[in-house]
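Source file: protein-v2.cif; contents: mmCIF, C-alpha atoms.
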data_upload
loop_
_atom_site.label_atom_id
_atom_site.label_comp_id
_atom_site.auth_asym_id
_atom_site.auth_seq_id
_atom_site.Cartn_x
_atom_site.Cartn_y
_atom_site.Cartn_z
CA MET A 1 -82.77 32.41 -36.96
CA SER A 2 -82.75 32.39 -40.74
CA VAL A 3 -80.34 30.32 -42.74
CA THR A 4 -78.91 32.00 -45.81
CA SER A 5 -77.99 29.62 -48.59
CA ILE A 6 -75.00 30.56 -50.67
CA THR A 7 -75.04 29.44 -54.26
CA PRO A 8 -71.56 28.96 -55.64
CA ALA A 9 -70.75 31.17 -58.60
CA PRO A 10 -70.43 29.34 -61.88
CA ALA A 11 -66.89 28.64 -62.98
CA ARG A 12 -65.52 31.04 -65.53
CA THR A 13 -64.81 29.58 -68.90
CA THR A 14 -62.54 31.26 -71.35
CA LYS A 15 -63.39 30.85 -75.00
CA TYR A 16 -60.65 30.94 -77.53
CA LYS A 17 -61.52 31.84 -81.09
CA VAL A 18 -59.88 29.75 -83.78
CA THR A 19 -58.40 32.06 -86.39
CA GLY A 20 -56.61 31.36 -89.63
CA LEU A 21 -53.46 33.02 -88.29
CA GLY A 22 -53.61 30.85 -85.19
CA VAL A 23 -53.88 27.68 -87.25
CA LEU A 24 -50.99 28.84 -89.42
CA ARG A 25 -48.84 29.43 -86.35
CA SER A 26 -49.73 26.00 -85.03
CA GLU A 27 -48.76 24.30 -88.29
CA TRP A 28 -45.54 26.32 -88.40
CA ALA A 29 -44.64 25.15 -84.89
CA LYS A 30 -45.47 21.53 -85.73
CA PHE A 31 -43.39 21.65 -88.90
CA TRP A 32 -40.21 22.90 -87.25
CA SER A 33 -40.63 20.69 -84.18
CA LEU A 34 -40.18 17.55 -86.29
CA ARG A 35 -36.62 16.41 -86.90
CA SER A 36 -37.70 14.90 -90.22
CA SER A 37 -38.50 18.40 -91.52
CA TRP A 38 -34.95 19.62 -91.00
CA ILE A 39 -33.39 16.44 -92.36
CA THR A 40 -35.55 16.17 -95.47
CA LEU A 41 -35.15 19.84 -96.35
CA GLY A 42 -31.40 19.49 -95.95
CA VAL A 43 -31.35 16.37 -98.12
CA ALA A 44 -33.38 18.09 -100.86
CA VAL A 45 -31.05 21.11 -101.02
CA PHE A 46 -27.96 18.89 -100.76
CA LEU A 47 -29.08 16.72 -103.70
CA LEU A 48 -29.90 19.79 -105.77
CA VAL A 49 -26.48 21.32 -105.20
CA LEU A 50 -24.50 18.07 -105.34
CA PHE A 51 -25.83 16.73 -108.63
CA GLY A 52 -25.71 20.16 -110.24
CA ALA A 53 -22.07 20.64 -109.32
CA ILE A 54 -21.11 17.11 -110.37
CA ALA A 55 -22.81 17.51 -113.75
CA SER A 56 -21.00 20.78 -114.39
CA TYR A 57 -17.55 19.51 -113.42
CA THR A 58 -17.89 16.25 -115.39
CA TYR A 59 -19.21 17.91 -118.54
CA SER A 60 -17.27 16.81 -121.61
CA PRO A 61 -18.45 17.93 -125.05
CA ASP A 62 -16.06 15.47 -126.71
CA ALA A 63 -17.41 12.37 -124.94
CA VAL A 64 -20.32 11.77 -127.31
CA ALA A 65 -18.29 12.58 -130.43
CA ALA A 66 -15.63 10.08 -129.35
CA GLY A 67 -18.22 7.34 -128.91
CA GLY A 68 -17.67 7.05 -125.17
CA PRO A 69 -20.23 7.19 -122.39
CA PRO A 70 -21.83 10.63 -122.33
CA GLY A 71 -21.67 11.22 -118.59
CA PRO A 72 -23.91 13.60 -116.66
CA GLY A 73 -23.06 16.65 -118.72
CA ALA A 74 -22.90 15.30 -122.25
CA SER A 75 -26.22 13.58 -122.69
CA ASP A 76 -27.25 15.73 -125.64
CA GLY A 77 -26.35 18.78 -127.63
CA ASP A 78 -28.86 20.99 -125.84
CA SER A 79 -26.97 21.11 -122.55
CA THR A 80 -26.41 24.52 -121.03
CA ALA A 81 -24.84 25.70 -117.79
CA VAL A 82 -28.35 26.07 -116.39
CA SER A 83 -29.55 22.61 -117.39
CA LEU A 84 -26.43 21.09 -115.84
CA ALA A 85 -26.85 23.09 -112.64
CA LEU A 86 -30.45 21.87 -112.37
CA THR A 87 -29.63 18.20 -112.93
CA GLY A 88 -30.56 17.48 -109.32
CA VAL A 89 -34.08 18.92 -109.56
CA THR A 90 -35.62 15.47 -110.09
CA PHE A 91 -33.97 14.05 -106.99
CA ALA A 92 -34.76 17.15 -104.94
CA SER A 93 -38.41 17.01 -106.05
CA LEU A 94 -38.77 13.51 -104.64
CA ALA A 95 -37.29 14.53 -101.29
CA ILE A 96 -39.35 17.69 -100.96
CA GLY A 97 -42.50 15.99 -102.22
CA VAL A 98 -42.10 13.27 -99.61
CA LEU A 99 -41.74 15.98 -96.97
CA GLY A 100 -45.08 17.42 -98.07
CA VAL A 101 -46.68 13.99 -97.83
CA LEU A 102 -45.32 13.41 -94.32
CA LEU A 103 -46.54 16.82 -93.20
CA SER A 104 -50.14 15.86 -93.96
CA ALA A 105 -50.45 12.06 -94.12
CA GLY A 106 -48.12 11.64 -91.14
CA GLU A 107 -50.85 12.93 -88.84
CA TYR A 108 -53.20 10.22 -90.06
CA SER A 109 -50.55 7.57 -89.36
CA THR A 110 -50.05 8.74 -85.77
CA GLY A 111 -53.70 9.59 -85.10
CA MET A 112 -52.79 13.20 -84.31
CA ILE A 113 -55.20 14.36 -86.99
CA ARG A 114 -58.09 13.79 -84.55
CA SER A 115 -56.64 16.29 -82.10
CA THR A 116 -55.88 18.73 -84.91
CA LEU A 117 -59.40 18.67 -86.31
CA ALA A 118 -60.95 18.77 -82.82
CA ALA A 119 -59.09 22.05 -82.30
CA VAL A 120 -60.04 23.30 -85.78
CA PRO A 121 -63.60 22.08 -86.44
CA ARG A 122 -63.84 23.90 -89.77
CA ARG A 123 -61.05 21.61 -91.06
CA LEU A 124 -60.13 23.44 -94.26
CA PRO A 125 -57.82 25.97 -92.52
CA VAL A 126 -55.64 23.00 -91.57
CA LEU A 127 -55.08 22.07 -95.21
CA TRP A 128 -54.46 25.64 -96.34
CA SER A 129 -52.07 26.26 -93.43
CA LYS A 130 -50.00 23.19 -94.18
CA ALA A 131 -49.67 24.29 -97.80
CA LEU A 132 -48.84 27.87 -96.79
CA VAL A 133 -46.15 26.67 -94.38
CA ILE A 134 -44.24 24.34 -96.67
CA GLY A 135 -44.68 26.24 -99.94
CA PRO A 136 -42.71 29.42 -99.08
CA ILE A 137 -40.06 27.45 -97.19
CA ALA A 138 -39.49 25.17 -100.18
CA LEU A 139 -39.49 28.17 -102.53
CA VAL A 140 -36.77 30.03 -100.64
CA LEU A 141 -34.51 27.04 -99.95
CA ALA A 142 -34.88 25.51 -103.42
CA THR A 143 -34.14 28.83 -105.13
CA LEU A 144 -31.05 29.31 -102.98
CA GLY A 145 -30.02 25.73 -103.74
CA ALA A 146 -30.40 26.29 -107.49
CA LEU A 147 -28.33 29.48 -107.29
CA ALA A 148 -25.66 27.66 -105.28
CA ALA A 149 -25.55 24.78 -107.76
CA PHE A 150 -25.13 27.21 -110.65
CA GLN A 151 -22.43 29.25 -108.94
CA LEU A 152 -20.51 26.18 -107.79
CA GLY A 153 -20.62 24.68 -111.27
CA THR A 154 -19.56 27.85 -113.09
CA PRO A 155 -15.79 27.32 -112.56
CA GLY A 156 -16.10 23.79 -113.95
CA LEU A 157 -17.42 25.16 -117.24
CA ASP A 158 -14.87 27.95 -117.60
CA GLY A 159 -13.99 28.31 -121.28
CA GLU A 160 -16.73 25.95 -122.48
CA ARG A 161 -19.17 27.00 -125.18
CA ILE A 162 -22.16 26.41 -122.92
CA ALA A 163 -20.85 28.54 -120.05
CA LEU A 164 -23.22 31.25 -118.79
CA SER A 165 -23.34 33.88 -116.07
CA LEU A 166 -26.16 35.08 -113.85
CA GLY A 167 -26.50 38.19 -115.97
CA ASP A 168 -27.23 36.27 -119.18
CA ASP A 169 -30.73 36.34 -120.57
CA GLY A 170 -33.09 33.89 -118.87
CA VAL A 171 -30.63 32.47 -116.32
CA LEU A 172 -32.14 33.99 -113.20
CA ARG A 173 -35.63 33.24 -114.48
CA SER A 174 -34.73 29.57 -114.94
CA LEU A 175 -33.11 29.24 -111.52
CA ALA A 176 -36.08 30.95 -109.87
CA GLY A 177 -38.39 28.71 -111.91
CA ALA A 178 -36.73 25.66 -110.36
CA GLY A 179 -37.55 27.06 -106.92
CA VAL A 180 -41.18 27.67 -107.93
CA TYR A 181 -41.49 24.15 -109.34
CA LEU A 182 -40.12 22.53 -106.19
CA ALA A 183 -42.38 24.67 -104.01
CA LEU A 184 -45.39 23.46 -105.99
CA VAL A 185 -44.15 19.86 -105.66
CA ALA A 186 -44.10 20.32 -101.87
CA VAL A 187 -47.70 21.57 -101.91
CA PHE A 188 -48.59 18.71 -104.26
CA GLY A 189 -47.22 16.29 -101.65
CA VAL A 190 -49.37 17.90 -98.94
CA ALA A 191 -52.46 17.56 -101.14
CA LEU A 192 -51.74 13.92 -101.96
CA GLY A 193 -51.17 13.12 -98.29
CA MET A 194 -54.51 14.66 -97.31
CA LEU A 195 -56.30 13.02 -100.22
CA ILE A 196 -54.93 9.47 -99.79
CA ARG A 197 -54.38 9.63 -96.00
CA SER A 198 -51.56 7.12 -96.12
CA SER A 199 -47.89 8.04 -96.19
CA ALA A 200 -46.88 4.98 -98.20
CA GLY A 201 -49.78 5.35 -100.63
CA ALA A 202 -49.23 9.07 -101.15
CA ILE A 203 -45.49 8.65 -101.69
CA ALA A 204 -46.18 5.89 -104.24
CA ALA A 205 -48.64 8.20 -106.01
CA LEU A 206 -46.11 11.04 -105.99
CA VAL A 207 -43.40 8.88 -107.54
CA GLY A 208 -45.85 7.42 -110.03
CA VAL A 209 -47.11 10.80 -111.22
CA LEU A 210 -43.73 12.54 -111.40
CA LEU A 211 -41.50 9.71 -112.64
CA ILE A 212 -43.39 6.66 -113.87
CA LEU A 213 -46.29 8.24 -115.76
CA PRO A 214 -44.13 9.89 -118.48
CA GLY A 215 -42.40 6.56 -119.12
CA LEU A 216 -45.63 4.61 -119.36
CA ALA A 217 -47.07 7.24 -121.68
CA SER A 218 -44.38 6.39 -124.23
CA LEU A 219 -46.36 3.20 -124.89
CA LEU A 220 -49.15 5.29 -126.39
CA PRO A 221 -49.36 5.86 -130.14
CA ASP A 222 -46.97 8.59 -131.25
CA SER A 223 -49.73 11.02 -132.16
CA TRP A 224 -51.32 10.66 -128.72
CA TYR A 225 -48.00 10.87 -126.92
CA ASP A 226 -46.91 14.02 -128.77
CA THR A 227 -50.22 15.67 -127.88
CA LEU A 228 -50.48 14.63 -124.24
CA SER A 229 -46.84 14.50 -123.12
CA PRO A 230 -46.32 18.26 -122.55
CA TYR A 231 -49.28 18.31 -120.16
CA PHE A 232 -48.04 15.59 -117.80
CA PRO A 233 -47.18 17.13 -114.40
CA SER A 234 -43.44 16.54 -114.49
CA ASN A 235 -43.09 17.60 -118.13
CA ALA A 236 -45.10 20.77 -117.57
CA GLY A 237 -43.05 21.43 -114.43
CA SER A 238 -39.73 21.02 -116.24
CA ALA A 239 -40.84 23.64 -118.76
CA VAL A 240 -41.04 26.15 -115.89
CA TYR A 241 -37.28 26.13 -115.37
CA ALA A 242 -36.13 25.39 -118.93
CA LEU A 243 -33.75 28.03 -120.27
CA HIS A 244 -34.86 27.61 -123.86
CA GLU A 245 -38.35 26.66 -125.00
CA SER A 246 -38.40 23.33 -126.82
CA SER A 247 -40.55 22.72 -129.86
CA ASP A 248 -42.23 19.75 -128.21
CA ALA A 249 -42.70 21.38 -124.79
CA LEU A 250 -44.77 24.15 -123.27
CA SER A 251 -43.50 27.67 -122.69
CA PRO A 252 -42.41 28.47 -119.10
CA GLY A 253 -45.60 30.40 -118.44
CA ALA A 254 -47.85 27.71 -119.88
CA GLY A 255 -45.92 25.00 -118.03
CA LEU A 256 -46.38 26.86 -114.76
CA ALA A 257 -50.10 27.24 -115.40
CA VAL A 258 -50.55 23.55 -116.23
CA PHE A 259 -48.54 22.25 -113.27
CA ALA A 260 -50.22 24.70 -110.90
CA GLY A 261 -53.53 23.44 -112.27
CA TRP A 262 -52.60 19.86 -111.37
CA VAL A 263 -51.67 20.97 -107.85
CA ALA A 264 -54.89 22.99 -107.49
CA LEU A 265 -56.98 20.04 -108.70
CA THR A 266 -55.35 17.72 -106.16
CA LEU A 267 -55.84 20.31 -103.40
CA ALA A 268 -59.51 20.57 -104.33
CA GLY A 269 -59.90 16.80 -104.07
CA ALA A 270 -58.13 16.77 -100.71
CA ALA A 271 -60.33 19.62 -99.43
CA LEU A 272 -63.49 17.84 -100.55
CA ARG A 273 -62.53 14.61 -98.82
CA LEU A 274 -61.43 16.45 -95.69
CA VAL A 275 -64.82 18.13 -95.38
CA LYS A 276 -67.07 15.28 -96.48
CA THR A 277 -65.56 12.22 -94.80
CA ASP A 278 -64.59 11.21 -91.26
CA VAL A 279 -60.98 11.00 -90.20
#
Translate this file's structure into structure tokens.
Amino acid sequence: MSVTSITPAPARTTKYKVTGLGVLRSEWAKFWSLRSSWITLGVAVFLLVLFGAIASYTYSPDAVAAGGPPGPGASDGDSTAVSLALTGVTFASLAIGVLGVLLSAGEYSTGMIRSTLAAVPRRLPVLWSKALVIGPIALVLATLGALAAFQLGTPGLDGERIALSLGDDGVLRSLAGAGVYLALVAVFGVALGMLIRSSAGAIAALVGVLLILPGLASLLPDSWYDTLSPYFPSNAGSAVYALHESSDALSPGAGLAVFAGWVALTLAGAALRLVKTDV
């Protein structure tokens, strides 16, 4: 009697191919699953609209002439309805930049980055996907926030010399420029978070580059400051949404190119570190 041995069939293994679209979907799901994403986006838009509306309704062209405190809307003679509506851009940029930092550096703080990079061994698609997720979201919401701030502030400037409408030359371009600037700030935050790999450190760098650096640069000799100042990230970014080109600032197109260059340079540094070093 012969004995027939039966060899068990090997277990089937299913291989899943990692695609750029799949990584993008994963980052999209992670972004919206975090409560901090909703809250920080809401805070950024709220600050943009709130400060813009307040500046428009408290504008007083007679305050400076009377020797009183200028207030939000009477800081200088170059105020326009657009500049008042975009008063909150600085505050919104901090909120949305911090969101970008948390989106990338937050994974290093929790250790989740190990699981992310184990699932995506090529690594770089993770960085690009994070930037592609937050950039368009920030662009849409920030542009809508700028439009809302302008529209809400328009009644407060009724009859004033600086009053404008959406149909006036350059208004829509400036409001859209504010959205583009804030979208780039969000991507800048992602790049800093990936480069520094610490939420606190990346947030400090973000604040330093956008707010502190221009102030420290004023300590330079005047000739140096006049030459370098327009090329600082925040100064170049503010030129993107300026209604009128200033003599000591870049044009909107040049400002966009310079600020986008800063963002691209930081992204390149983050990509290099992501590929070359361990997590």
Output as a Markdown table one row per residue of region 91-163 of chain A within 9 Å of region 189-202 of chain A: the closest atom pair and its distance in Å to one decimal place, counting all atoms listed in the file, sorted by chain and residue number ascending.
| residue | atom | partner | partner_atom | distance |
| --- | --- | --- | --- | --- |
| A:Ile96 | CA | A:Gly189 | CA | 8.0 |
| A:Gly97 | CA | A:Gly189 | CA | 4.8 |
| A:Val98 | CA | A:Gly189 | CA | 6.3 |
| A:Leu99 | CA | A:Gly189 | CA | 7.2 |
| A:Gly100 | CA | A:Gly189 | CA | 4.3 |
| A:Val101 | CA | A:Gly189 | CA | 4.5 |
| A:Leu102 | CA | A:Ser199 | CA | 6.2 |
| A:Leu103 | CA | A:Val190 | CA | 6.5 |
| A:Ser104 | CA | A:Gly193 | CA | 5.2 |
| A:Ala105 | CA | A:Gly193 | CA | 4.4 |
| A:Gly106 | CA | A:Ser199 | CA | 6.2 |
| A:Glu107 | CA | A:Arg197 | CA | 8.6 |
| A:Tyr108 | CA | A:Arg197 | CA | 6.1 |
| A:Ser109 | CA | A:Ser198 | CA | 6.8 |
| A:Leu127 | CA | A:Met194 | CA | 7.7 |
| A:Lys130 | CA | A:Val190 | CA | 7.1 |
| A:Ala131 | CA | A:Val190 | CA | 6.5 |
| A:Ile134 | CA | A:Val190 | CA | 8.5 |
Would you save the residues of that selection, restricted to C-alpha atoms, as a CSV table (one decimal), keeping the file's coordinate frame?
chain,number,residue,atom,x,y,z
A,96,ILE,CA,-39.4,17.7,-101.0
A,97,GLY,CA,-42.5,16.0,-102.2
A,98,VAL,CA,-42.1,13.3,-99.6
A,99,LEU,CA,-41.7,16.0,-97.0
A,100,GLY,CA,-45.1,17.4,-98.1
A,101,VAL,CA,-46.7,14.0,-97.8
A,102,LEU,CA,-45.3,13.4,-94.3
A,103,LEU,CA,-46.5,16.8,-93.2
A,104,SER,CA,-50.1,15.9,-94.0
A,105,ALA,CA,-50.4,12.1,-94.1
A,106,GLY,CA,-48.1,11.6,-91.1
A,107,GLU,CA,-50.8,12.9,-88.8
A,108,TYR,CA,-53.2,10.2,-90.1
A,109,SER,CA,-50.6,7.6,-89.4
A,127,LEU,CA,-55.1,22.1,-95.2
A,130,LYS,CA,-50.0,23.2,-94.2
A,131,ALA,CA,-49.7,24.3,-97.8
A,134,ILE,CA,-44.2,24.3,-96.7
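With distances taken over all atoms listed in the file, A:Leu94 is the one residue among A:Ala149, A:Leu94, A:Ile54, A:Leu86 lying closest to Leu206 (chain A).
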### Task
Carefully work through the PyMOL selection byres ((chain A and resi 143) around 7) for this structure and note down the residues it includes, as a PyMOL selection string.
chain A and resi 139-142+144-147+175-176+178-179
### Query
Using the chain letters and numbers from the file, which residues does the PyMOL selection byres ((chain A and resi 270-277) around 7) grab, as an NGL selection string?
:A and (123-124 or 191 or 194-195 or 266-269 or 278-279)
### Task
Would you mind listing what lies within 7 Å of region 157-174 of chain A as a ChimeraX atom specification, with all atoms listed in the file counted and same-chain residues fewer than 6 positions away left out?
/A:56-57,80-82,241-243
### Query
Once you count only C-alpha atoms, which residues end up no further than 9 Å from (-36.5, 17.6, -111.3) in the file's frame, shown as number ranges by chain?
A: 48, 86-94, 178, 181-182, 210, 234, 237-238
Selected residues, C-alpha atoms, written as an mmCIF file, in the coordinates of the input, please.
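Produced file part38.cif, reproduced below:
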data_model
loop_
_atom_site.group_PDB
_atom_site.id
_atom_site.type_symbol
_atom_site.label_atom_id
_atom_site.label_comp_id
_atom_site.auth_asym_id
_atom_site.auth_seq_id
_atom_site.Cartn_x
_atom_site.Cartn_y
_atom_site.Cartn_z
ATOM 1 C CA LEU A 48 -29.900 19.790 -105.770
ATOM 2 C CA LEU A 86 -30.450 21.870 -112.370
ATOM 3 C CA THR A 87 -29.630 18.200 -112.930
ATOM 4 C CA GLY A 88 -30.560 17.480 -109.320
ATOM 5 C CA VAL A 89 -34.080 18.920 -109.560
ATOM 6 C CA THR A 90 -35.620 15.470 -110.090
ATOM 7 C CA PHE A 91 -33.970 14.050 -106.990
ATOM 8 C CA ALA A 92 -34.760 17.150 -104.940
ATOM 9 C CA SER A 93 -38.410 17.010 -106.050
ATOM 10 C CA LEU A 94 -38.770 13.510 -104.640
ATOM 11 C CA ALA A 178 -36.730 25.660 -110.360
ATOM 12 C CA TYR A 181 -41.490 24.150 -109.340
ATOM 13 C CA LEU A 182 -40.120 22.530 -106.190
ATOM 14 C CA LEU A 210 -43.730 12.540 -111.400
ATOM 15 C CA SER A 234 -43.440 16.540 -114.490
ATOM 16 C CA GLY A 237 -43.050 21.430 -114.430
ATOM 17 C CA SER A 238 -39.730 21.020 -116.240
#
### Task
Tell me, in Å to one decimal, how far CA of Ala119 (chain A) is from CA of Gly22 (chain A).
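Going from CA of Ala119 (chain A) over to CA of Gly22 (chain A), I get 10.8 Å.
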### Query
What is the distance between CA of Ile212 (chain A) and CA of Ala183 (chain A), in Å to one decimal?
20.6 Å
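With distances taken over all atoms listed in the file, A:Gly153 is the one residue among A:Pro136, A:Gly20, A:Gly111, A:Gly153 lying closest to Leu50 (chain A).
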### Query
Closest to Leu184 (chain A) among A:Val240, A:Ser251, A:Ser246, A:Ala118, using all atoms listed in the file?
A:Val240
Listed atoms of region 206-219 of chain A boxed axis-aligned with 6 Å per side, centre + edges as JSON:
{"center_x": -44.3, "center_y": 7.9, "center_z": -115.4, "size_x": 17.6, "size_y": 21.3, "size_z": 30.9}
### Task
On this file, the PyMOL selection byres ((chain A and resi 24) around 10) gives some set of residues; write that set as number ranges by chain.
A: 19-23, 25-30, 125-133
### Point-to-point distance from CA of Phe232 (chain A) to CA of Pro214 (chain A), Å rounded to tenths
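That distance, rounded to one decimal, is 6.9 Å.
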### Task
Identify, on the basis of only C-alpha atoms, every residue whose closest approach to region 257-259 of chain A does not exceed 8 Å; exclude the query and any residue fewer than 4 positions from it along the same chain; express the result as an MDAnalysis selection string.
chainID A and resid 231 233:234 236:237 253 263
Select, counting only C-alpha atoms, all protein, DNA and RNA residues no farther than 7 Å from (-45.9, 20.3, -126.7) in file coordinates, and express the selection as an mmCIF file with C-alpha atoms, in the coordinates of the input.
data_model
loop_
_atom_site.group_PDB
_atom_site.id
_atom_site.type_symbol
_atom_site.label_atom_id
_atom_site.label_comp_id
_atom_site.auth_asym_id
_atom_site.auth_seq_id
_atom_site.Cartn_x
_atom_site.Cartn_y
_atom_site.Cartn_z
ATOM 1 C CA ASP A 226 -46.910 14.020 -128.770
ATOM 2 C CA THR A 227 -50.220 15.670 -127.880
ATOM 3 C CA SER A 229 -46.840 14.500 -123.120
ATOM 4 C CA PRO A 230 -46.320 18.260 -122.550
ATOM 5 C CA SER A 247 -40.550 22.720 -129.860
ATOM 6 C CA ASP A 248 -42.230 19.750 -128.210
ATOM 7 C CA ALA A 249 -42.700 21.380 -124.790
ATOM 8 C CA LEU A 250 -44.770 24.150 -123.270
#
### Task
Name the closest residue to Ser83 (chain A) among the candidates A:Ala138, A:Val187, A:Ala239, A:Leu213; distances are taken between atoms, counting all atoms listed in the file.
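Using all atoms listed in the file, the shortest distance to Ser83 (chain A) belongs to A:Ala239.
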